[in-house]
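Trainee: Please see the structure below; I have some questions.
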Amino acid sequence: MKIKINKTTCIIIAIIGLFFSTSCGNKKADSVKEEEKTEKKEGDHTGEHEDEIALTLEQYKAVQIETGTIEMRNLNAVVKANGYTSVPPQNNANASSLMGGVIQDIYVLEGTYVTKGKVLASIKNLEIIEIQEEYKTSIASIEYLELEYQRQKSLTDENVNAKKIFQEVKSKLAMERARAQSAKSKLDALHVGTNSNGGTFPVLSPINGYVGKIFINKGAYAEVGKPLFEVVDNTQMHLDLNVYEKDLFKIKEGQTVDVVLTNQNNKSIKATIFGINKSFSNESKTVAVHSRINSNDVKGLIAGMYVSANINVVNVYVKAVPKEAVVKEGEKYYIFIEEGEEERVIEEEGPHEHNDKDAHKHTDDGKVEKKEKVIAFKPVEVVPGTTDLGYTEISVIGELPANAKVVIKGAFYLLSTKVGGGEHVH
């Protein structure tokens with residue numbers, strides 16, 4: 001059968017086709033808009049605070065976040081050296097005895113602070129009594145001989161007696177005076193008086209300082225010249241640093257030294273070079289460089305502590321933070337800045353039992369929203385430089401607020417939260 005289509009029919013068909021095309025297009029546009037709304041709704045939480053990590057107060061305490069500031073440190077143009085804390089010979093003394101004897105009493109313990117002349121112990125030796133008797137005998141003889149000397153002198157002047165008798169008396173008087181002086185000097189050296197005290201004499205501290213070691217026990221025999229106590233004055237503590245021959249020409253008196261006490265939780269102290277040895281210390285071809293520790297850093301130090309040091313040969317300071325503060329994500333490095341405490345809405349997985357309808361709201365995907373105080377942290381990109389003595393040089397990309405609080409402990413946890421997710425905070 002043959003259908004005849006005229007011009008009017010063609011126009012009607014075209015209009016109908018255009019209607020269906022427009023209708024489908026509108027439906028497709030509406031579908032796209034609906035998807036965009038859905039995506040926007042799902043992405044609402046990554047808007048204003050997209051780059052931030054927020055911890056609840058409980059999380060903050062659990063992680064034990066610590067903050068600090070960006071410091072200016074000399075990490076460039078340095079000579080590295082190792083060494084030990086030390087004290088000058090005049091500040092390290094041994095207390096010993098000029099006479100042997102049995103230890104009667106010990107009056108101090110190791111670690112006790114003592115002043116010069118403080119009695120550390122007492123020693124008993126009966127020879128003390130003999131010296132005292134010798135002194136008293138000599139004094140008595142001197143008194144008699146002085147009278148006899150005056151009498152013989154008068155007789156000699158009057159030519160009554162021969163001069164020989166006068167000379168004999170004069171000689172005896174001189175000998176007794178010498179004997180008395182000798183006994184008195186011995187007693188003074190032993191810090192003992194001329195009267196009998198049972199044959200004991202004290203051991204005194206030769207300097208101000210702390211009793212480092214005690215080498216004796218009560219009842220033991222103290223030998224002459226053998227150390228009984230060690231007393232150390234730590235107020236003049238300095239460093240003995242070993243510098244290799246190749247770096248020696250860079251070292252000068254007056255240069256500052258940044259020091260880390262390696263075995264003391266990396267405590268940092270400062271010192272100043274005051275002396276350089278003119279001979280090698282040992283076969284390793286190192287020269288001892290002496291540095292005086294700043295008075296504010298001396299407290300708590302003892303001789304023999306191992307140290308790592310940077311001798312600042314050029315005073316160029318850079319921005320630096322503790323190396324634990326710098327973390328890496330991919331090819332980029334970050335530090336975290338604490339932005340303070342605020343109240344935000346937090347999503348948690350449902351179901352969630354609650355009574356307060358205003359404090360908790362259910363979202364379309366079954367999660368529960370609630371308000372809670374959080375502490376916010378923001379990652380800041382940096383370019384790291386030299387790392388030394390526990391600090392890393394940084395160049396900040398962008399600007400930081402004045403006195404920014406940098407996370408110096410817990411930065412790795414914040415990074416893992418940023419990368420791996422966790423509670424979603426907005």
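A note on labels: chains of the structure tokens are A, B, ... as shown, every chain counts residues from 1, and ligands are counted from 1 in their shown order.
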Excluding A:Lys170 and any residue of its chain fewer than 4 positions from it, enumerate the residues within 7 Å of it, using only C-alpha atoms, and give them as a PDB file with C-alpha atoms, in the first residue's frame.
Mentor:
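See around.pdb below for the written result:
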```
ATOM      1  CA  TYR A 149     120.596  32.475 128.819  1.00  0.00           C
ATOM      2  CA  PHE A 166     127.248  31.115 127.690  1.00  0.00           C
ATOM      3  CA  ALA A 174     118.322  27.485 119.726  1.00  0.00           C
TER       4      ALA A 174
END
```
Trainee: List every residue of stretch 198-423 of chain A that DSSP, applied to the backbone, labels as strand (DSSP E or B), and write the result as a ChimeraX atom specification.
Mentor: /A:200-204,209-214,221-222,229-232,238-244,256-261,267-276,286-293,306-312,318-322,327-329,332-348,360-362,368-388,391-396,405-409
Trainee: One number please: atom CA of A:Ile302 to atom CA of A:Leu228, in Å, one decimal.
Mentor: 20.0 Å
Trainee: Using only C-alpha atoms for the distances, tell me which of A:Glu329, A:Asp188, A:Glu253, A:Glu223 is nearest to A:Lys418.
Mentor: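 For A:Lys418, the nearest of the candidates is A:Glu329.
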Trainee: Report as a ChimeraX atom specification: the residues of stretch 59-275 of chain A with a DSSP assignment of alpha helix (DSSP H), based on the backbone of this structure.
Mentor: /A:59-63,127-157,163-189
Trainee: Calculated over only C-alpha atoms, which of the candidates A:Leu248, A:Leu204, A:Leu301, A:Ile214 has the smallest distance to A:Lys116?
Mentor: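 With only C-alpha atoms as the atom set, the closest residue is A:Leu204.
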Trainee: Set the distance at 9 Å and use only C-alpha atoms: which residues neighbour A:Val318 once local chain neighbours fewer than 4 positions away are removed? I'd like the list as a list in words.
Mentor: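 The residues that qualify are Glu71, Met72, Arg73, Asn74, Leu75, Asn76, Glu393, Ile394 and Ser395 of chain A.
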Trainee: Skipping near chain neighbours, those fewer than 3 positions away, what residues fall within 12 Å of A:Val108 using only C-alpha atoms, listed as number ranges by chain?
Mentor: A: 105, 111-115, 118-122, 203-205, 210-214, 216-218, 228-231
Trainee: Using only C-alpha atoms, which protein or nucleic acid residues come within 10 Å of stretch 290-294 of chain A? Drop anything in the same chain fewer than 6 positions from it, and give the result as a ChimeraX atom specification.
Mentor: /A:83,85-87,235-242,253-257,259,269-277,311
Trainee: Between atom CA of A:Thr67 and atom CA of A:Val321, measure the distance and give it in Å to one decimal.
Mentor: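 Atom-to-atom, atom CA of A:Thr67 to atom CA of A:Val321, that is 10.6 Å.
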